[in-house]
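To be precise, the following lines are run-v8.cif, and they hold mmCIF, C-alpha atoms.
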```cif
data_work
loop_
_atom_site.label_atom_id
_atom_site.label_comp_id
_atom_site.auth_asym_id
_atom_site.auth_seq_id
_atom_site.Cartn_x
_atom_site.Cartn_y
_atom_site.Cartn_z
CA LEU R 1 22.90 106.88 -90.70
CA LYS R 2 26.63 106.18 -91.05
CA PHE R 3 27.29 109.90 -91.20
CA LEU R 4 25.58 110.56 -87.85
CA ARG R 5 27.85 112.07 -85.29
CA GLY R 6 27.50 112.93 -81.66
CA THR R 7 26.96 116.43 -80.44
CA THR R 8 27.90 118.44 -77.37
CA ILE R 9 25.48 120.24 -75.13
CA LYS R 10 27.03 123.23 -73.38
CA ILE R 11 25.48 124.21 -70.07
CA PHE R 12 26.30 127.54 -68.45
CA LEU R 13 25.16 127.60 -64.83
CA ASN R 14 25.15 130.51 -62.44
CA THR R 15 26.47 128.72 -59.33
CA HIS R 16 26.19 131.83 -57.16
CA ARG R 17 23.09 130.16 -55.71
CA PHE R 18 24.46 126.66 -55.73
CA LEU R 19 21.37 125.00 -54.23
CA HIS R 20 19.25 126.01 -57.22
CA SER R 21 22.03 125.45 -59.76
CA ASN R 22 22.55 121.92 -58.45
CA ASP R 23 18.89 121.06 -59.09
CA LEU R 24 19.03 122.65 -62.54
CA ASN R 25 22.23 120.79 -63.43
CA LYS R 26 20.68 117.50 -62.34
CA ALA R 27 17.51 118.11 -64.40
CA VAL R 28 19.40 119.12 -67.57
CA ASN R 29 21.69 116.08 -67.35
CA GLU R 30 18.73 113.73 -66.90
CA ILE R 31 17.02 115.21 -69.95
CA ALA R 32 20.23 114.94 -72.03
CA LEU R 33 20.80 111.31 -71.05
CA THR R 34 17.18 110.39 -71.73
CA LYS R 35 17.24 112.09 -75.15
CA GLY R 36 20.56 110.42 -75.99
CA GLN R 37 19.10 107.03 -75.12
CA GLU R 38 16.07 107.73 -77.31
CA ILE R 39 18.31 108.62 -80.27
CA LYS R 40 20.30 105.39 -79.86
CA VAL R 41 17.11 103.34 -79.85
CA ASN R 42 15.89 105.03 -83.05
CA ILE R 43 19.21 104.41 -84.80
CA PHE R 44 19.37 100.70 -83.99
CA THR R 45 15.66 100.25 -84.76
CA ALA R 46 16.26 101.79 -88.18
CA LYS R 47 19.02 99.22 -88.77
CA GLY R 48 16.54 96.40 -88.31
CA TYR R 49 17.05 95.40 -84.68
CA ASN R 50 13.97 94.58 -82.64
CA LEU R 51 13.12 96.54 -79.49
CA GLU R 52 14.68 94.04 -77.08
CA GLN R 53 17.93 93.90 -79.05
CA THR R 54 17.96 97.67 -79.34
CA GLU R 55 17.67 98.12 -75.58
CA GLU R 56 20.45 95.57 -74.93
CA ILE R 57 22.83 97.17 -77.45
CA SER R 58 22.15 100.79 -76.56
CA THR R 59 22.33 100.14 -72.82
CA PRO R 60 24.60 97.14 -72.14
CA MET R 61 24.88 98.14 -68.49
CA LYS R 62 21.87 99.43 -66.61
CA ASP R 63 21.92 101.06 -63.22
CA GLU R 64 19.24 100.82 -60.60
CA ILE R 65 19.71 103.48 -57.93
CA HIS R 66 17.93 103.43 -54.59
CA PHE R 67 18.26 106.59 -52.50
CA LEU R 68 18.53 105.48 -48.88
CA PHE R 69 19.11 108.91 -47.33
CA ASN R 70 18.39 112.43 -48.59
CA PRO R 71 16.24 111.16 -51.49
CA SER R 72 15.75 114.67 -52.84
CA GLU R 73 19.53 114.98 -53.33
CA THR R 74 19.57 118.61 -52.20
CA TYR R 75 22.00 120.47 -50.01
CA GLY R 76 19.08 121.95 -48.11
CA ASP R 77 18.25 118.78 -46.15
CA PHE R 78 21.96 118.36 -45.43
CA LEU R 79 22.98 121.94 -44.68
CA ILE R 80 20.02 123.54 -42.90
CA PRO R 81 20.26 121.36 -39.73
CA ALA R 82 23.97 122.16 -39.48
CA ILE R 83 23.30 125.90 -39.79
CA LEU R 84 20.69 125.71 -37.04
CA VAL R 85 23.19 123.92 -34.77
CA LEU R 86 25.81 126.57 -35.55
CA VAL R 87 23.32 129.28 -34.52
CA LEU R 88 22.66 127.49 -31.22
CA GLN R 89 26.35 127.01 -30.55
CA GLN R 90 27.53 130.52 -31.32
CA THR R 91 24.74 132.42 -29.57
CA LEU R 92 25.25 130.27 -26.47
CA LEU R 93 29.00 130.91 -26.57
CA PHE R 94 28.41 134.65 -26.98
CA GLY R 95 25.91 134.82 -24.14
CA LEU R 96 27.76 132.90 -21.47
CA THR R 97 31.26 134.20 -22.20
CA GLN R 98 29.95 137.76 -21.91
CA SER R 99 28.03 136.86 -18.76
CA ILE R 100 31.22 135.94 -16.93
CA ALA R 101 33.20 138.75 -18.57
CA LYS R 102 30.57 141.19 -17.33
CA GLU R 103 31.07 139.96 -13.75
CA LYS R 104 34.79 140.67 -14.05
CA GLU R 105 34.23 144.02 -15.76
CA ALA R 106 31.81 145.14 -13.04
CA LYS R 107 34.12 143.67 -10.38
CA THR R 108 31.29 141.60 -8.91
CA MET R 109 33.03 138.23 -8.91
CA ASP R 110 33.37 138.39 -5.13
CA GLU R 111 29.61 138.94 -4.84
CA LEU R 112 29.05 135.92 -7.08
CA TYR R 113 31.17 133.75 -4.79
CA ASN R 114 29.47 135.09 -1.68
CA PHE R 115 26.02 134.45 -3.16
CA ALA R 116 27.07 130.85 -3.91
CA ASN R 117 28.68 130.42 -0.45
CA ASN R 118 32.01 129.93 -2.22
CA ASN R 119 30.66 126.76 -3.78
CA ILE R 120 32.11 126.52 -7.28
CA SER R 121 29.64 123.84 -8.33
CA SER R 122 26.77 126.18 -7.46
CA ILE R 123 28.32 128.89 -9.63
CA LEU R 124 28.71 126.58 -12.61
CA ILE R 125 25.22 125.15 -12.30
CA GLY R 126 23.62 128.51 -11.56
CA LYS R 127 25.26 130.24 -14.50
CA SER R 128 24.64 127.46 -17.02
CA PHE R 129 21.31 125.86 -16.03
CA PHE R 130 19.10 128.68 -17.30
CA TYR R 131 20.94 128.81 -20.63
CA ILE R 132 20.77 125.04 -21.07
CA ALA R 133 17.02 125.00 -20.38
CA LEU R 134 16.43 127.97 -22.69
CA TYR R 135 18.46 126.51 -25.53
CA MET R 136 16.80 123.12 -25.21
CA ILE R 137 13.57 124.98 -26.00
CA TYR R 138 15.26 126.70 -28.95
CA ALA R 139 16.48 123.32 -30.20
CA LEU R 140 12.97 121.90 -29.92
CA VAL R 141 11.66 124.76 -32.06
CA PHE R 142 14.43 124.25 -34.60
CA TYR R 143 13.87 120.52 -34.93
CA THR R 144 10.09 120.78 -35.15
CA VAL R 145 8.92 124.11 -36.58
CA HIS R 146 11.88 124.75 -38.87
CA PHE R 147 12.05 121.16 -40.09
CA HIS R 148 8.34 121.32 -40.89
CA LEU R 149 8.66 124.63 -42.72
CA PHE R 150 11.60 123.45 -44.85
CA LYS R 151 10.12 119.94 -45.27
CA ILE R 152 13.22 118.26 -43.85
CA PRO R 153 12.59 114.57 -43.07
CA PHE R 154 13.23 113.35 -39.53
CA LYS R 155 13.72 109.57 -39.27
CA GLY R 156 15.20 109.18 -35.80
CA SER R 157 14.06 109.31 -32.20
CA ILE R 158 13.42 112.72 -30.63
CA PHE R 159 14.60 111.30 -27.29
CA THR R 160 17.98 110.28 -28.77
CA LEU R 161 18.40 113.70 -30.35
CA ALA R 162 17.34 115.43 -27.10
CA LEU R 163 19.97 113.47 -25.13
CA THR R 164 22.81 114.40 -27.48
CA THR R 165 21.56 118.01 -27.65
CA PHE R 166 21.58 118.27 -23.86
CA LEU R 167 25.15 116.94 -23.72
CA LEU R 168 26.19 119.45 -26.39
CA LEU R 169 24.60 122.43 -24.63
CA ALA R 170 25.99 121.43 -21.23
CA THR R 171 29.49 121.02 -22.69
CA ILE R 172 29.38 124.33 -24.56
CA SER R 173 28.02 126.10 -21.45
CA ILE R 174 30.90 124.99 -19.25
CA LEU R 175 33.40 125.77 -22.01
CA SER R 176 31.89 129.26 -22.33
CA LEU R 177 32.34 129.89 -18.61
CA ILE R 178 36.00 128.90 -18.86
CA ILE R 179 36.64 131.12 -21.89
CA GLY R 180 34.71 134.09 -20.46
CA SER R 181 36.69 133.97 -17.22
CA PHE R 182 39.83 135.07 -19.08
CA PHE R 183 38.37 138.38 -20.29
CA SER R 184 38.19 141.52 -18.20
CA LYS R 185 35.58 143.21 -20.42
CA LYS R 186 32.51 142.05 -22.32
CA VAL R 187 33.61 143.64 -25.57
CA TYR R 188 36.87 141.68 -25.56
CA ALA R 189 34.95 138.41 -25.18
CA LEU R 190 32.59 139.42 -27.99
CA ILE R 191 35.44 140.28 -30.36
CA PHE R 192 37.22 137.01 -29.63
CA MET R 193 34.13 134.84 -30.05
CA SER R 194 33.20 136.60 -33.30
CA PHE R 195 36.16 134.97 -35.00
CA THR R 196 35.34 131.42 -33.88
CA SER R 197 32.22 130.70 -35.95
CA TYR R 198 33.78 129.47 -39.17
CA PRO R 199 36.80 127.64 -37.65
CA LEU R 200 34.57 125.72 -35.22
CA PHE R 201 32.18 124.79 -38.02
CA PHE R 202 35.09 123.69 -40.21
CA PHE R 203 36.51 121.49 -37.44
CA THR R 204 33.24 119.53 -37.23
CA GLY R 205 33.99 117.75 -40.49
CA TYR R 206 30.47 118.43 -41.70
CA THR R 207 31.48 120.21 -44.89
CA TRP R 208 34.93 118.62 -45.29
CA PRO R 209 35.80 115.07 -44.15
CA ILE R 210 37.90 114.93 -40.99
CA PHE R 211 40.15 112.20 -42.42
CA ALA R 212 41.11 114.55 -45.28
CA MET R 213 42.30 117.25 -42.87
CA PRO R 214 45.88 117.63 -41.57
CA LYS R 215 46.60 115.50 -38.49
CA ILE R 216 46.82 118.46 -36.14
CA ILE R 217 43.38 119.65 -37.29
CA GLN R 218 41.98 116.15 -36.78
CA TYR R 219 43.18 116.12 -33.17
CA ILE R 220 41.69 119.58 -32.55
CA SER R 221 38.36 118.56 -34.07
CA TYR R 222 37.78 115.91 -31.41
CA ILE R 223 37.91 118.47 -28.61
CA VAL R 224 35.27 120.63 -30.32
CA PRO R 225 31.89 119.53 -28.87
CA THR R 226 30.09 120.21 -32.13
CA THR R 227 32.13 117.55 -33.95
CA PRO R 228 30.62 114.45 -32.31
CA TYR R 229 27.24 116.18 -32.13
CA MET R 230 27.12 116.95 -35.85
CA GLN R 231 28.10 113.39 -36.72
CA SER R 232 25.45 111.89 -34.46
CA MET R 233 22.78 114.44 -35.43
CA ASN R 234 23.19 113.69 -39.12
CA ARG R 235 22.76 109.96 -38.54
CA ILE R 236 19.80 110.42 -36.20
CA ILE R 237 17.90 112.72 -38.56
CA ASN R 238 18.67 111.09 -41.90
CA MET R 239 19.37 107.45 -40.98
CA GLY R 240 17.21 106.91 -37.91
CA ALA R 241 20.22 106.02 -35.73
CA SER R 242 19.53 104.85 -32.18
CA ILE R 243 21.57 105.46 -29.02
CA LYS R 244 23.47 102.24 -29.68
CA ASP R 245 24.50 103.49 -33.14
CA ILE R 246 25.94 106.76 -31.80
CA THR R 247 27.59 105.42 -28.63
CA PRO R 248 31.08 106.67 -29.63
CA GLU R 249 29.75 110.22 -30.09
CA ILE R 250 27.90 110.12 -26.75
CA ILE R 251 31.08 108.93 -25.03
CA ASN R 252 33.05 111.69 -26.76
CA LEU R 253 30.62 114.38 -25.57
CA SER R 254 30.51 112.93 -22.05
CA LEU R 255 34.31 112.90 -21.81
CA LEU R 256 34.50 116.49 -23.06
CA LEU R 257 31.87 117.55 -20.53
CA SER R 258 33.82 115.88 -17.71
CA LEU R 259 37.07 117.47 -18.88
CA PHE R 260 35.58 120.97 -19.13
CA VAL R 261 33.90 120.66 -15.71
CA PHE R 262 37.26 119.74 -14.19
CA LEU R 263 39.01 122.66 -15.92
CA ALA R 264 36.20 125.02 -14.88
CA VAL R 265 36.52 123.98 -11.24
CA VAL R 266 40.28 124.56 -11.36
CA ARG R 267 39.85 127.92 -13.11
CA PHE R 268 37.19 129.25 -10.73
CA TYR R 269 39.11 127.95 -7.73
CA THR R 270 42.10 129.98 -8.95
CA ILE R 271 39.91 133.06 -9.33
CA ARG R 272 38.54 132.61 -5.81
CA LYS R 273 42.06 132.40 -4.37
CA LYS R 274 43.03 135.55 -6.24
CA ILE R 275 39.99 137.38 -4.83
CA GLU R 276 40.88 136.26 -1.29
CA VAL R 277 44.44 137.52 -1.74
CA ASP R 278 43.27 140.88 -3.07
CA VAL R 279 40.90 141.29 -0.16
#
```

Target encoding structure tokens, full file:
Amino acid sequence: LKFLRGTTIKIFLNTHRFLHSNDLNKAVNEIALTKGQEIKVNIFTAKGYNLEQTEEISTPMKDEIHFLFNPSETYGDFLIPAILVLVLQQTLLFGLTQSIAKEKEAKTMDELYNFANNNISSILIGKSFFYIALYMIYALVFYTVHFHLFKIPFKGSIFTLALTTFLLLATISILSLIIGSFFSKKVYALIFMSFTSYPLFFFTGYTWPIFAMPKIIQYISYIVPTTPYMQSMNRIINMGASIKDITPEIINLSLLLSLFVFLAVVRFYTIRKKIEVDV
């Protein structure tokens, strides 16, 4: 027994599909630790120690782990909801920015103002309401059908999630109208928005902590509507957070919505003045 030596187990994992490799790595490590513990027990038992002494010597410190959230320890439960939100965000941005850009490309902005009786609020509500209603339905499908298919647990209140989702969609809708108003053609808006997917997702802090980012990036992240939404969504789904628990995120989204509405009114007022001058 005195000549026994430890050994090394080499594990070569193909991390190209990191979700599967993570599960495999976890399983192999559990087996190795369990087998190592068994060998220790056999060695000390052979030296004459009883079972209780053997367990105390071989494992002087024992851990007792309780998984509070994401008990399966997989990236799927963590990443899939974020991907679904990214799909909602980007398709909504694409649709509404091109909607306004199309009006400018077809030179029908004056008709839009005439139809709304030069009421900017009517334009903003008319352009965004349909998209908000449609995407609320999409979100409902995502959080019910998709969660059921992928077996993702949902511990929170659907009402709390619906409230934050509505604030997100309303904020993104108004932001889309502002951005789209600066493009004279649909294709230009599409090209510009195509490059925003990854940066906007990165700014949310979902895959990389916000506090670990440069200061300038941290400041930018708080004016991205998806940032407070992702933080609140994660706590609602996995931790069962209530409205009280996500009050800072709701305030953040509400302030962004108010800011974007103000900027949209100023922007569309400027466009209306320009149309009146041209006429």

Discussion item. Which residues, named as in the file, does the PyMOL selection byres ((chain R and resi 89) around 9) pick out? Answer as a ChimeraX atom specification.
Written reply: /R:84-88,90-94,168-169,172,197,226

Discussion item. If I take CA of Pro199 in chain R and CA of Thr165 in chain R, how far is one from the other in Å, to one decimal?
Written reply: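 CA of Thr165 in chain R lies 20.6 Å from CA of Pro199 in chain R.
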
Worksheet item: If the PyMOL selection byres ((chain R and resi 253) around 12) is run on the structure shown, which residues does it catch, given as a ChimeraX atom specification?
Response: /R:163-172,222-232,246-252,254-260

Explicit residues for the PyMOL selection byres ((chain R and resi 127) around 9) (as a short mmCIF file (atom, residue, chain, number, x, y, z; two decimals) with C-alpha atoms, in the coordinates of the input):
```
data_model
loop_
_atom_site.label_atom_id
_atom_site.label_comp_id
_atom_site.auth_asym_id
_atom_site.auth_seq_id
_atom_site.Cartn_x
_atom_site.Cartn_y
_atom_site.Cartn_z
CA LEU R 96 27.76 132.90 -21.47
CA SER R 99 28.03 136.86 -18.76
CA ILE R 100 31.22 135.94 -16.93
CA SER R 122 26.77 126.18 -7.46
CA ILE R 123 28.32 128.89 -9.63
CA LEU R 124 28.71 126.58 -12.61
CA ILE R 125 25.22 125.15 -12.30
CA GLY R 126 23.62 128.51 -11.56
CA SER R 128 24.64 127.46 -17.02
CA PHE R 129 21.31 125.86 -16.03
CA PHE R 130 19.10 128.68 -17.30
CA TYR R 131 20.94 128.81 -20.63
CA SER R 173 28.02 126.10 -21.45
CA LEU R 177 32.34 129.89 -18.61
#
```

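With only C-alpha atoms as the atoms that count, the minimum distance from Gly205 in chain R to the choices R:Phe192, R:Ile220, R:Glu38, R:Ile132 is reached by R:Ile220.
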
Worksheet entry | Distance query Val265 in chain R at most 8 Å, all atoms listed in the file, self and fewer than 4 positions along chain excluded, as JSON, numbers by chain | {"R": [120, 121, 261, 269]}

Practice prompt. Using only C-alpha atoms, give me every residue within 9 Å of (17.5, 105.6, -32.6) in file coordinates, as a PyMOL selection string.
Written response: chain R and resi 155-161+236+239-246

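A straight line drawn from CA of Ser221 in chain R to CA of Ala189 in chain R is 22.0 Å long.
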
Fill in: Point-to-point distance in Å for CA of Leu79 in chain R and CA of Phe195 in chain R
20.9 Å

Item to complete: List the neighbours of Ile9 in chain R out to 12 Å using all atoms listed in the file; skip same-chain residues closer than 5 positions along the sequence, and give me the result as a ChimeraX atom specification.
Response: /R:28-29,31-33,35-36

Discussion item. Around the point (32.8, 134.4, -20.6) (coordinates from the file), which residues reach within 10 Å if we count only C-alpha atoms? Answer as a ChimeraX atom specification.
Written reply: /R:93-104,173-186,188-190,193
